[in-house]
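Q: One structure follows; several queries about it will come next.
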Amino acid sequence: MKIGIFDSGIGGLSVLHEAYHLLPKQEFIFYADTENVPYGTKTPEQIVGYATKIADFLIEKGAGAIVVACNTATSVAIKELRKNYNIPILGMEPAVKPAVEGTEGKRIMVIATPVTIRQDKLKDLLHRVDEDHRVDLLAMPKLVEFAEREEFESEAVREYITQQFGAFDKEKYCALVLGCTHFNYFKPLYREYFGQETLLIDGNRGTVRHLADVLSLDMAQDIDMSFDKDNEMSWMKNTEYYFSGKEITGGETLEHLKRLHLRLEKVRNF
């Protein structure tokens with residue numbers, strides 16, 4: 001069975017990359033909706049339309065399960081997708097629960113897209129797990145645009161991060177929750193800003209573990225990957241990549257994907 005994974009853009013590659021580590025024997029179809037990125041500034045109606053079109057595409061290509069590797073699309077469209085399709089459909093949500101349960105005392109910051117922050121799904125999650133009201137929310141939509149340009153550590157990115165976080169006292173925070181899969185690419189800069197003591201928490205590993213449970217898949221013991229420049233990255237051969245419906249089979253865009261996977265490996269355990 002093939003597993004479909006989709007996102008508004010390249011953020012969902014971070015979920016696929018985690019799946020390569022933990023589910024190396026599975027076959028995947030990855031879809032980046034590069035024509036409509038970013039979702040974080042779109043209307044709910046638009047997002048539901050995009051997600052439905054992509055789900056149809058993935059199922060037509062043989063997907064027997066779908067991971068919505070986009071917090072924004074999950075918050076807006078997951079109920080509609082589950083109502084309309086008779087296959088397992090998993091979503092993403094900011095990893096607030098493990099952040100709250102794994103820390104005490106200090107505050108927790110959740111960064112996400114404006115749509116994710118506005119939706120009831122996140123509000124309901126906070127109501128359930130944030131009993132001490134330690135969580136603050138911050139929209140950082142421009143990080144999606146930086147990621148799509150492969151602009152991960154430029155001065156412009158540093159200035160944006162410093163400006164956005166500057167309204168808060170960083171000494172009060174014990175954890176930063178990454179509520180958008182695009183945000184994983186910038187872990188070195190979060191670490192640079194907050195220091196070594198602040199936890200960086202994303203939902204990728206938990207999502208892949210949940211996928212394995214739902215599909216009764218055996219997980220690997222976090223396999224080692226070789227990423228030298230001459231490596232063919234053979235693990236990518238188990239995946240069909242599509243950018244807005246166009247399959248990626250070689251050339252410049254394939255090199256783009258390899259660079260992104262190299263980046264994700266570098267920042268995975270930051």
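Chain labels A, B, ... are given in the sequence in which chains occur in the structure tokens; within each chain residues are numbered consecutively from 1, and ligands are likewise numbered from 1 in the order shown.
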Which residues are close to Arg149 (chain A), i.e. within 10 Å by only C-alpha atoms, leaving aside same-chain residues fewer than 5 positions away? Reply as an NGL selection string.
A: :A and (10 or 143-144)
Q: With N, CA and C atoms retained, could you export that selection as a PDB file, in the first residue's frame?
A:
```
ATOM      1  N   ILE A  10       6.898  22.723   0.570  1.00  0.00           N
ATOM      2  CA  ILE A  10       7.992  21.815   0.938  1.00  0.00           C
ATOM      3  C   ILE A  10       8.027  21.492   2.425  1.00  0.00           C
ATOM      4  N   LEU A 143       7.921  32.880   7.407  1.00  0.00           N
ATOM      5  CA  LEU A 143       8.841  31.738   7.398  1.00  0.00           C
ATOM      6  C   LEU A 143       8.492  30.749   6.290  1.00  0.00           C
ATOM      7  N   VAL A 144       7.213  30.642   5.972  1.00  0.00           N
ATOM      8  CA  VAL A 144       6.812  29.765   4.870  1.00  0.00           C
ATOM      9  C   VAL A 144       7.411  30.263   3.562  1.00  0.00           C
TER      10      VAL A 144
END
```
Q: Show me a table, sorted first by chain and then by increasing residue number, of the residues of region 50-95 of chain A having an atom at most 7 Å from region 107-129 of chain A, each with its shortest atom pair and the distance in Å to one decimal, counting only C-alpha atoms and written as a Markdown table.
A:
```
| residue | atom | partner | partner_atom | distance |
| --- | --- | --- | --- | --- |
| A:Asn71 | CA | A:Thr116 | CA | 6.6 |
| A:Thr72 | CA | A:Thr116 | CA | 5.0 |
| A:Ser75 | CA | A:Lys121 | CA | 5.7 |
```
Q: Per DSSP on the backbone, filter region 125-268 of chain A down to the residues in strand (DSSP E or B) and report them as a PyMOL selection string.
A: chain A and resi 135-139+173-178+199-201+239-243+246-248
Q: Return as number ranges by chain the full set of residues in region 153-233 of chain A whose backbone-based DSSP assignment is alpha helix (DSSP H).
A: A: 155-165, 187-194, 204-215
Q: Could you list, as JSON, numbers by chain, every residue within 9 Å of Tyr31 (chain A), counting only C-alpha atoms and ignoring same-chain residues fewer than 6 positions away?
A: {"A": [4, 5, 6, 7, 8, 9, 10, 12, 54, 58, 240, 241, 242, 243, 244, 245, 247]}
Q: Which residues come within 7 Å of region 182-186 of chain A, counting only C-alpha atoms, excluding same-chain residues fewer than 2 positions away, as a list in words?
A: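 Those residues are Ile10, Gly11, Leu143, Val144, Ala147, Phe152, Leu178, Cys180, Pro188, Leu189, Tyr190, Arg263, Leu264 and Val267 of chain A.
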Q: To one decimal in Å, tell me the separation between CA of Gly179 (chain A) and CA of His256 (chain A).
A: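 One can read the CA of Gly179 (chain A) to CA of His256 (chain A) distance as 23.9 Å.
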Q: Mind giving me the straight-line distance from CA of Glu151 (chain A) to CA of His17 (chain A) in Å, one decimal?
A: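 A separation of 19.2 Å between them.
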Q: Hey, can you check how far CA of Leu16 (chain A) sits from CA of Thr239 (chain A)?
A: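 For CA of Leu16 (chain A) relative to CA of Thr239 (chain A), the distance reads 9.3 Å.
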Q: For Val214 (chain A), find every residue with an atom within 10 Å (counting only C-alpha atoms), except residues of its own chain fewer than 6 positions away, and show them as a VMD selection string.
A: chain A and resid 65 88 to 90 208
Q: I need the chosen residues saved as a short mmCIF file (atom, residue, chain, number, x, y, z; two decimals), in the first residue's frame, with N, CA, C and O atoms.
A:
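Below is the file that was written, out-v2.cif:
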```
data_model
loop_
_atom_site.label_atom_id
_atom_site.label_comp_id
_atom_site.auth_asym_id
_atom_site.auth_seq_id
_atom_site.Cartn_x
_atom_site.Cartn_y
_atom_site.Cartn_z
N ALA A 65 -3.75 5.40 2.29
CA ALA A 65 -3.84 6.22 3.50
C ALA A 65 -3.22 7.56 3.16
O ALA A 65 -2.36 7.66 2.27
N PRO A 88 -7.87 5.69 5.85
CA PRO A 88 -7.29 6.43 6.98
C PRO A 88 -6.72 7.77 6.52
O PRO A 88 -5.94 7.83 5.58
N ILE A 89 -7.12 8.84 7.19
CA ILE A 89 -6.60 10.18 6.91
C ILE A 89 -6.13 10.78 8.23
O ILE A 89 -6.92 11.00 9.15
N LEU A 90 -4.83 11.02 8.32
CA LEU A 90 -4.22 11.55 9.53
C LEU A 90 -3.84 13.00 9.32
O LEU A 90 -3.46 13.40 8.22
N VAL A 208 4.32 10.27 12.56
CA VAL A 208 4.74 9.02 11.90
C VAL A 208 4.48 7.82 12.80
O VAL A 208 4.05 6.75 12.33
#
```
Q: List the neighbours of region 165-177 of chain A out to 8 Å using only C-alpha atoms; skip same-chain residues closer than 3 positions along the sequence, and give me the result as a PyMOL selection string.
A: chain A and resi 94-96+99+103+106-111+161-162+194+197-202
Q: Write the selection just made, keeping all heavy atoms, as a compact mmCIF listing (two decimals), in the first residue's frame?
A:
```txt
# COMPACT_ATOMS: atom_id res chain seq x y z
N PRO A 94 -0.22 21.25 16.26
CA PRO A 94 0.95 21.65 17.05
C PRO A 94 1.11 20.76 18.28
O PRO A 94 0.13 20.43 18.96
CB PRO A 94 0.60 23.09 17.44
CG PRO A 94 -0.30 23.56 16.34
CD PRO A 94 -1.13 22.37 15.98
N ALA A 95 2.35 20.37 18.56
CA ALA A 95 2.63 19.39 19.63
C ALA A 95 2.58 20.07 21.00
O ALA A 95 3.54 20.05 21.77
CB ALA A 95 3.98 18.74 19.38
N VAL A 96 1.43 20.65 21.30
CA VAL A 96 1.26 21.38 22.56
C VAL A 96 1.22 20.41 23.74
O VAL A 96 1.81 20.67 24.79
CB VAL A 96 -0.02 22.23 22.53
CG1 VAL A 96 -0.23 22.92 23.87
CG2 VAL A 96 0.04 23.25 21.40
N ALA A 99 4.57 19.23 24.90
CA ALA A 99 5.28 20.39 25.43
C ALA A 99 4.81 20.71 26.85
O ALA A 99 5.62 20.96 27.76
CB ALA A 99 5.09 21.60 24.54
N THR A 103 7.18 19.75 30.46
CA THR A 103 7.81 20.91 31.08
C THR A 103 6.96 21.38 32.25
O THR A 103 5.80 20.98 32.41
CB THR A 103 7.95 22.08 30.08
OG1 THR A 103 6.65 22.50 29.67
CG2 THR A 103 8.77 21.66 28.86
N LYS A 106 7.92 27.40 33.47
CA LYS A 106 8.07 28.44 32.47
C LYS A 106 7.00 28.36 31.39
O LYS A 106 6.24 27.39 31.29
CB LYS A 106 9.46 28.36 31.84
CG LYS A 106 10.58 28.87 32.74
CD LYS A 106 11.87 28.98 31.94
CE LYS A 106 12.96 29.68 32.73
NZ LYS A 106 14.18 29.89 31.92
N ARG A 107 7.00 29.37 30.53
CA ARG A 107 5.99 29.45 29.48
C ARG A 107 6.42 28.67 28.24
O ARG A 107 7.58 28.29 28.08
CB ARG A 107 5.71 30.92 29.13
CG ARG A 107 5.20 31.73 30.33
CD ARG A 107 4.58 33.03 29.91
NE ARG A 107 3.37 32.84 29.10
CZ ARG A 107 2.20 32.45 29.60
NH1 ARG A 107 2.05 32.17 30.88
NH2 ARG A 107 1.15 32.33 28.80
N ILE A 108 5.44 28.46 27.35
CA ILE A 108 5.62 27.72 26.10
C ILE A 108 5.13 28.61 24.97
O ILE A 108 4.04 29.19 25.06
CB ILE A 108 4.83 26.40 26.11
CG1 ILE A 108 5.36 25.47 27.21
CG2 ILE A 108 4.87 25.73 24.74
CD1 ILE A 108 4.40 24.35 27.56
N MET A 109 5.91 28.72 23.92
CA MET A 109 5.49 29.49 22.75
C MET A 109 5.18 28.55 21.59
O MET A 109 5.96 27.65 21.29
CB MET A 109 6.55 30.49 22.32
CG MET A 109 6.12 31.36 21.14
SD MET A 109 7.36 32.56 20.63
CE MET A 109 7.35 33.65 22.06
N VAL A 110 4.03 28.77 20.97
CA VAL A 110 3.64 28.02 19.77
C VAL A 110 3.68 28.98 18.60
O VAL A 110 3.00 30.02 18.61
CB VAL A 110 2.22 27.43 19.90
CG1 VAL A 110 1.81 26.74 18.60
CG2 VAL A 110 2.16 26.45 21.06
N ILE A 111 4.48 28.66 17.58
CA ILE A 111 4.50 29.47 16.37
C ILE A 111 3.78 28.70 15.27
O ILE A 111 3.94 27.49 15.13
CB ILE A 111 5.93 29.86 15.95
CG1 ILE A 111 6.83 28.63 15.77
CG2 ILE A 111 6.54 30.80 16.97
CD1 ILE A 111 8.23 28.97 15.25
N ILE A 161 12.98 36.74 12.47
CA ILE A 161 12.82 35.96 13.70
C ILE A 161 13.03 36.85 14.93
O ILE A 161 12.25 36.81 15.89
CB ILE A 161 13.79 34.77 13.71
CG1 ILE A 161 13.29 33.70 12.72
CG2 ILE A 161 13.97 34.17 15.10
CD1 ILE A 161 14.22 32.52 12.55
N THR A 162 14.08 37.67 14.91
CA THR A 162 14.35 38.56 16.04
C THR A 162 13.21 39.55 16.24
O THR A 162 12.80 39.82 17.38
CB THR A 162 15.67 39.32 15.80
OG1 THR A 162 16.74 38.37 15.66
CG2 THR A 162 15.96 40.25 16.96
N PHE A 194 17.14 31.42 21.22
CA PHE A 194 16.68 31.05 22.56
C PHE A 194 17.75 30.40 23.43
O PHE A 194 17.60 30.33 24.65
CB PHE A 194 15.48 30.10 22.46
CG PHE A 194 14.19 30.78 22.11
CD1 PHE A 194 13.73 30.78 20.80
CD2 PHE A 194 13.44 31.42 23.07
CE1 PHE A 194 12.54 31.41 20.48
CE2 PHE A 194 12.24 32.05 22.76
CZ PHE A 194 11.79 32.05 21.45
N GLU A 197 18.93 25.73 26.27
CA GLU A 197 18.02 25.18 27.28
C GLU A 197 16.57 25.08 26.81
O GLU A 197 15.80 24.28 27.35
CB GLU A 197 18.08 26.03 28.56
CG GLU A 197 19.46 26.09 29.20
CD GLU A 197 19.99 24.71 29.53
OE1 GLU A 197 19.22 23.88 30.06
OE2 GLU A 197 21.18 24.44 29.23
N THR A 198 16.19 25.88 25.84
CA THR A 198 14.81 25.86 25.36
C THR A 198 14.57 24.68 24.44
O THR A 198 15.31 24.47 23.48
CB THR A 198 14.48 27.17 24.60
OG1 THR A 198 14.70 28.27 25.48
CG2 THR A 198 13.04 27.18 24.13
N LEU A 199 13.54 23.89 24.73
CA LEU A 199 13.20 22.74 23.90
C LEU A 199 12.58 23.18 22.58
O LEU A 199 11.77 24.11 22.56
CB LEU A 199 12.22 21.83 24.63
CG LEU A 199 12.68 21.19 25.94
CD1 LEU A 199 11.52 20.44 26.59
CD2 LEU A 199 13.85 20.25 25.70
N LEU A 200 12.96 22.53 21.49
CA LEU A 200 12.33 22.73 20.19
C LEU A 200 11.49 21.49 19.89
O LEU A 200 12.03 20.39 19.79
CB LEU A 200 13.38 22.94 19.09
CG LEU A 200 14.39 24.08 19.31
CD1 LEU A 200 15.34 24.17 18.12
CD2 LEU A 200 13.69 25.41 19.55
N ILE A 201 10.20 21.67 19.75
CA ILE A 201 9.29 20.52 19.66
C ILE A 201 8.46 20.62 18.39
O ILE A 201 7.80 21.63 18.14
CB ILE A 201 8.35 20.45 20.88
CG1 ILE A 201 9.18 20.38 22.17
CG2 ILE A 201 7.41 19.26 20.78
CD1 ILE A 201 8.35 20.48 23.43
N ASP A 202 8.50 19.57 17.56
CA ASP A 202 7.61 19.50 16.40
C ASP A 202 6.82 18.20 16.47
O ASP A 202 7.12 17.32 17.26
CB ASP A 202 8.40 19.61 15.09
CG ASP A 202 9.31 18.42 14.85
OD1 ASP A 202 8.79 17.31 14.60
OD2 ASP A 202 10.55 18.59 14.89
```
Q: From the list A:His261, A:Lys2, A:Arg268, A:His21, which residue is nearest Glu150 (chain A) when using only C-alpha atoms?
A: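 Checking each candidate against Glu150 (chain A), we get A:His261 as the closest.
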